[in-house]
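Listing of entry00.txt; format and content: compact mmCIF, C-alpha atoms.
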```
# COMPACT_ATOMS: atom_id res chain seq x y z
CA MET V 296 56.88 236.62 82.33
CA THR V 297 55.64 237.41 85.86
CA ALA V 298 52.66 235.86 87.56
CA ALA V 299 50.58 239.01 87.00
CA GLU V 300 51.34 238.99 83.25
CA SER V 301 50.31 235.36 82.90
CA LEU V 302 47.07 236.01 84.79
CA TYR V 303 46.25 239.38 83.19
CA SER V 304 42.85 238.41 81.75
CA THR V 305 41.87 236.67 84.98
CA LEU V 306 42.76 239.73 87.05
CA VAL V 307 40.82 242.06 84.72
CA THR V 308 37.79 239.75 84.78
CA ASN V 309 38.00 239.56 88.56
CA CYS V 310 38.10 243.39 88.77
CA ILE V 311 35.00 243.75 86.60
CA PHE V 312 33.15 241.06 88.53
CA ASN V 313 33.99 242.63 91.90
CA VAL V 314 32.93 246.11 90.74
CA PHE V 315 29.54 244.64 89.80
CA LEU V 316 29.32 242.85 93.17
CA LEU V 317 30.29 246.07 94.94
CA TYR V 318 27.29 247.87 93.47
CA THR V 319 24.83 245.07 94.22
CA ALA V 320 26.14 244.55 97.75
CA ILE V 321 25.74 248.23 98.58
CA ALA V 322 22.38 248.85 96.90
CA LEU V 323 20.63 245.66 97.94
CA ASN V 324 21.81 245.79 101.55
CA ILE V 325 20.69 249.40 101.94
CA ILE V 326 17.26 248.32 100.67
CA THR V 327 17.33 245.33 103.04
CA ILE V 328 18.19 247.53 106.04
CA GLN V 329 15.34 249.92 105.19
CA ALA V 330 12.89 247.03 104.77
CA LEU V 331 13.93 245.48 108.08
CA ARG V 332 13.58 248.81 109.89
CA LYS V 333 10.04 249.27 108.58
CA THR V 334 8.84 245.71 109.24
CA PRO V 335 7.01 245.62 112.58
CA SER V 336 5.97 241.95 112.37
CA LEU V 337 9.47 240.47 112.89
CA PRO V 338 10.56 239.67 116.45
CA ARG V 339 13.15 242.13 117.79
CA THR V 340 15.74 239.41 118.28
CA LEU V 341 15.53 238.17 114.70
CA LYS V 342 15.40 241.73 113.36
CA THR V 343 18.59 242.58 115.27
CA LEU V 344 20.41 239.55 113.86
CA LEU V 345 19.22 240.27 110.31
CA LEU V 346 20.24 243.93 110.63
CA SER V 347 23.69 242.82 111.77
CA LEU V 348 23.95 240.54 108.74
CA ALA V 349 22.81 243.28 106.36
CA ALA V 350 25.21 245.79 107.96
CA SER V 351 28.13 243.40 107.66
CA ASP V 352 27.24 242.69 104.02
CA LEU V 353 27.04 246.44 103.43
CA GLY V 354 30.51 246.69 104.97
CA VAL V 355 31.71 244.05 102.52
CA GLY V 356 30.38 246.22 99.68
CA LEU V 357 31.85 249.42 101.09
CA LEU V 358 35.21 248.05 102.28
CA ALA V 359 36.13 244.58 101.06
CA HIS V 360 35.25 244.93 97.39
CA PRO V 361 36.87 248.37 96.82
CA VAL V 362 40.08 247.39 98.63
CA PHE V 363 40.21 244.09 96.74
CA VAL V 364 39.67 245.84 93.39
CA ALA V 365 42.42 248.35 94.25
CA ARG V 366 44.69 245.46 95.16
CA LEU V 367 43.96 243.76 91.82
CA ILE V 368 44.56 246.99 89.87
CA ILE V 369 47.94 247.40 91.58
CA GLN V 370 48.81 243.82 90.64
CA ILE V 371 47.83 244.50 87.02
CA ARG V 372 49.68 247.81 86.72
CA GLN V 373 52.84 246.97 88.65
CA ASN V 374 53.02 243.24 87.86
CA THR V 375 53.46 242.59 91.57
CA SER V 376 51.57 242.39 94.83
CA ASP V 377 51.81 245.33 97.23
CA ASN V 378 52.15 244.45 100.90
CA ALA V 379 50.59 247.75 102.01
CA TYR V 380 47.32 246.86 100.31
CA ASP V 381 47.53 243.33 101.68
CA THR V 382 47.69 244.84 105.18
CA VAL V 383 44.79 247.23 104.51
CA PHE V 384 42.77 244.35 103.04
CA ALA V 385 43.52 242.13 106.02
CA ILE V 386 42.56 244.75 108.60
CA PHE V 387 39.57 246.57 107.10
CA ALA V 388 38.07 244.19 104.59
CA ASP V 389 38.16 240.98 106.59
CA THR V 390 36.24 242.38 109.57
CA PRO V 391 32.89 242.65 107.74
CA VAL V 392 33.56 239.38 105.91
CA ASN V 393 34.11 237.57 109.22
CA ALA V 394 31.09 239.34 110.75
CA THR V 395 28.93 238.12 107.86
CA PHE V 396 30.13 234.57 108.38
CA PHE V 397 29.42 234.67 112.11
CA SER V 398 26.07 236.44 111.63
CA VAL V 399 24.84 233.63 109.39
CA GLY V 400 25.83 231.19 112.11
CA ALA V 401 24.07 233.24 114.79
CA ILE V 402 20.87 233.39 112.71
CA THR V 403 21.02 229.63 112.22
CA VAL V 404 21.40 229.04 115.96
CA ASP V 405 18.54 231.49 116.63
CA ARG V 406 16.18 229.72 114.22
CA PHE V 407 17.18 226.34 115.66
CA LEU V 408 16.41 227.56 119.18
CA ALA V 409 13.10 229.08 118.05
CA ILE V 410 11.98 225.73 116.65
CA HIS V 411 13.26 223.47 119.42
CA LEU V 412 12.61 225.56 122.54
CA HIS V 413 9.02 226.53 121.69
CA LEU V 414 7.68 228.52 124.66
CA ARG V 415 11.03 228.77 126.46
CA TYR V 416 12.56 230.58 123.46
CA GLN V 417 11.38 234.04 124.52
CA GLU V 418 12.58 233.43 128.06
CA LEU V 419 16.09 232.36 127.02
CA VAL V 420 16.69 234.43 123.87
CA THR V 421 16.22 238.03 125.01
CA HIS V 422 17.00 241.19 123.09
CA LYS V 423 19.85 242.08 125.48
CA ARG V 424 21.48 238.69 124.89
CA VAL V 425 21.13 239.04 121.13
CA ILE V 426 22.74 242.51 121.31
CA ALA V 427 25.60 240.95 123.31
CA VAL V 428 26.00 238.23 120.65
CA VAL V 429 26.03 240.82 117.84
CA ILE V 430 28.62 242.98 119.60
CA SER V 431 30.72 239.89 120.38
CA THR V 432 30.50 238.83 116.75
CA TRP V 433 31.86 242.17 115.55
CA VAL V 434 34.60 242.31 118.20
CA ILE V 435 35.74 238.76 117.44
CA SER V 436 35.66 239.53 113.71
CA ALA V 437 37.85 242.60 114.18
CA PHE V 438 40.25 240.65 116.39
CA LEU V 439 40.51 237.80 113.88
CA SER V 440 41.23 240.22 111.03
CA LEU V 441 44.23 241.50 112.98
CA LEU V 442 45.76 238.02 113.15
CA PHE V 443 46.54 237.77 109.44
CA PRO V 444 50.29 237.47 108.68
CA GLU V 445 50.04 240.46 106.34
CA VAL V 446 49.45 242.73 109.33
CA GLY V 447 53.01 242.08 110.38
CA TRP V 448 52.76 240.72 113.88
CA ASP V 449 56.17 239.18 114.35
CA TRP V 450 55.30 237.36 117.56
CA ILE V 451 52.63 235.20 115.84
CA PRO V 452 54.06 232.37 113.72
CA ASN V 453 52.73 232.46 110.14
CA ARG V 454 51.00 229.08 110.43
CA VAL V 455 49.01 229.85 113.59
CA PRO V 456 46.41 232.18 111.99
CA GLY V 457 45.87 229.79 109.07
CA ILE V 458 45.37 226.80 111.34
CA MET V 459 43.10 228.85 113.58
CA PHE V 460 40.96 230.05 110.65
CA VAL V 461 40.63 226.52 109.27
CA ALA V 462 39.56 225.25 112.70
CA ILE V 463 37.03 228.06 113.26
CA ASP V 464 35.61 227.78 109.73
CA THR V 465 35.33 223.99 109.98
CA VAL V 466 33.52 224.16 113.32
CA CYS V 467 31.17 226.87 112.03
CA PHE V 468 30.40 225.03 108.78
CA ILE V 469 29.75 221.73 110.53
CA THR V 470 27.61 223.37 113.23
CA THR V 471 25.60 225.38 110.70
CA GLY V 472 25.10 222.37 108.46
CA PHE V 473 24.05 220.16 111.35
CA LEU V 474 21.61 222.76 112.71
CA HIS V 475 20.11 223.31 109.24
CA TYR V 476 19.65 219.55 108.99
CA LYS V 477 17.92 219.45 112.41
CA ILE V 478 15.69 222.38 111.37
CA TYR V 479 14.79 220.60 108.14
CA VAL V 480 13.95 217.38 109.98
CA SER V 481 11.79 219.26 112.51
CA VAL V 482 9.89 221.25 109.92
```
Represent the structure from my file as structure tokens, please.
Amino acid sequence: MTAAESLYSTLVTNCIFNVFLLYTAIALNIITIQALRKTPSLPRTLKTLLLSLAASDLGVGLLAHPVFVARLIIQIRQNTSDNAYDTVFAIFADTPVNATFFSVGAITVDRFLAIHLHLRYQELVTHKRVIAVVISTWVISAFLSLLFPEVGWDWIPNRVPGIMFVAIDTVCFITTGFLHYKIYVSV
């Protein structure tokens, strides 16, 4: 009995769940993007960050979920994992996932600065700087998705990307949690 045979019901359930999430991620983020575009009362900087988050979540619905479901279906049908789909998943699906993660962090930092800088906020947080942060977020996300071992870079030891992702995720989680705590205390 292979690993796929022993996990058959789990893989099928995971496929069904991800198909449902695919639909909701696409539909709700399209609605969110339209609502953000038509809302004039939001500051441009916050609107840009929220649009980046909605676009990255839409990318998760359009890329990550379908590739993951295809990967699960291949595991179910062939009773094995296919390295080609692992590579596709690592390259295309992880970019919007990483961008979502970093966008949430950028929005947290923005809200923290808005509360703690008061009148200096508009002077320091300009639309051009926010655009630079959004572009940097997407570039870093694409770069990080290329570092997965499944991509096949022989010059990167297999442990380096894992250690790097744990370090980046830990720093981001701690920073986001701390800033949310400071926001909560201030409000």
Exercise: Lys342 (chain V) partners within 12 Å, only C-alpha atoms, chain neighbours under 4 positions left out, as a PDB file with C-alpha atoms, in the coordinates of the input:
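See result07.pdb below for the written result:
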```pdb
ATOM      1  CA  THR V 327      17.330 245.330 103.040  1.00  0.00           C
ATOM      2  CA  ILE V 328      18.190 247.530 106.040  1.00  0.00           C
ATOM      3  CA  GLN V 329      15.340 249.920 105.190  1.00  0.00           C
ATOM      4  CA  ALA V 330      12.890 247.030 104.770  1.00  0.00           C
ATOM      5  CA  LEU V 331      13.930 245.480 108.080  1.00  0.00           C
ATOM      6  CA  ARG V 332      13.580 248.810 109.890  1.00  0.00           C
ATOM      7  CA  LYS V 333      10.040 249.270 108.580  1.00  0.00           C
ATOM      8  CA  THR V 334       8.840 245.710 109.240  1.00  0.00           C
ATOM      9  CA  PRO V 335       7.010 245.620 112.580  1.00  0.00           C
ATOM     10  CA  SER V 336       5.970 241.950 112.370  1.00  0.00           C
ATOM     11  CA  LEU V 337       9.470 240.470 112.890  1.00  0.00           C
ATOM     12  CA  PRO V 338      10.560 239.670 116.450  1.00  0.00           C
ATOM     13  CA  LEU V 346      20.240 243.930 110.630  1.00  0.00           C
ATOM     14  CA  SER V 347      23.690 242.820 111.770  1.00  0.00           C
ATOM     15  CA  LEU V 348      23.950 240.540 108.740  1.00  0.00           C
ATOM     16  CA  ALA V 349      22.810 243.280 106.360  1.00  0.00           C
ATOM     17  CA  ALA V 350      25.210 245.790 107.960  1.00  0.00           C
ATOM     18  CA  ILE V 402      20.870 233.390 112.710  1.00  0.00           C
ATOM     19  CA  ASP V 405      18.540 231.490 116.630  1.00  0.00           C
ATOM     20  CA  HIS V 422      17.000 241.190 123.090  1.00  0.00           C
ATOM     21  CA  VAL V 425      21.130 239.040 121.130  1.00  0.00           C
ATOM     22  CA  ILE V 426      22.740 242.510 121.310  1.00  0.00           C
ATOM     23  CA  VAL V 429      26.030 240.820 117.840  1.00  0.00           C
TER      24      VAL V 429
END
```
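Of the residues listed (V:Thr465, V:Thr390, V:Thr403, V:Thr471), V:Thr390 shows the shortest atom-to-atom separation from Leu441 (chain V); distances use all atoms listed in the file.
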Find the distance between CA of Ile368 (chain V) and CA of Leu306 (chain V) and write it in Å to one decimal.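 About the pair CA of Ile368 (chain V) and CA of Leu306 (chain V): they are 8.0 Å apart.
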From the options V:Ile478, V:Ala322, V:Val392, V:Leu344, which residue's atoms come nearest to Ala427 (chain V), counting only C-alpha atoms?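 For Ala427 (chain V), the nearest of the candidates is V:Leu344.
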One decimal place gives the CA of Val434 (chain V)-CA of Asn393 (chain V) separation as 10.2 Å
With all atoms listed in the file as the counted atoms, please give the residues lying no more than 9 Å from Val307 (chain V), apart from itself and same-chain residues fewer than 5 positions off, as an mmCIF file with C-alpha atoms, in the frame of the given file.
```
data_model
loop_
_atom_site.group_PDB
_atom_site.id
_atom_site.type_symbol
_atom_site.label_atom_id
_atom_site.label_comp_id
_atom_site.auth_asym_id
_atom_site.auth_seq_id
_atom_site.Cartn_x
_atom_site.Cartn_y
_atom_site.Cartn_z
ATOM 1 C CA LEU V 302 47.070 236.010 84.790
ATOM 2 C CA PHE V 312 33.150 241.060 88.530
ATOM 3 C CA LEU V 367 43.960 243.760 91.820
ATOM 4 C CA ILE V 368 44.560 246.990 89.870
ATOM 5 C CA ILE V 371 47.830 244.500 87.020
#
```
Which of V:His360, V:Ala388, V:Leu345, V:Arg339 sits closest to Arg424 (chain V) [using only C-alpha atoms]: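 Looking at the shortest contact to Arg424 (chain V), the residue is V:Arg339.
Coordinates place CA of Leu408 (chain V) at a distance of 17.6 Å from CA of Phe468 (chain V).
Considering all atoms listed in the file, the residue among V:Ala365, V:Val399, V:Ile410, V:Leu316 positioned nearest to Cys467 (chain V) is V:Val399.
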Minimum-distance residue to Asn313 (chain V), chosen among V:Phe407, V:Phe396, V:Trp433, V:Phe363 (using all atoms listed in the file): V:Phe363
I'd like the neighbourhood of Phe438 (chain V) as a ChimeraX atom specification, where a residue qualifies if any of its atoms comes within 12 Å (using only C-alpha atoms), though same-chain residues fewer than 2 positions away should be ignored. /V:385-387,389-391,393-394,431-436,440-443,446,456
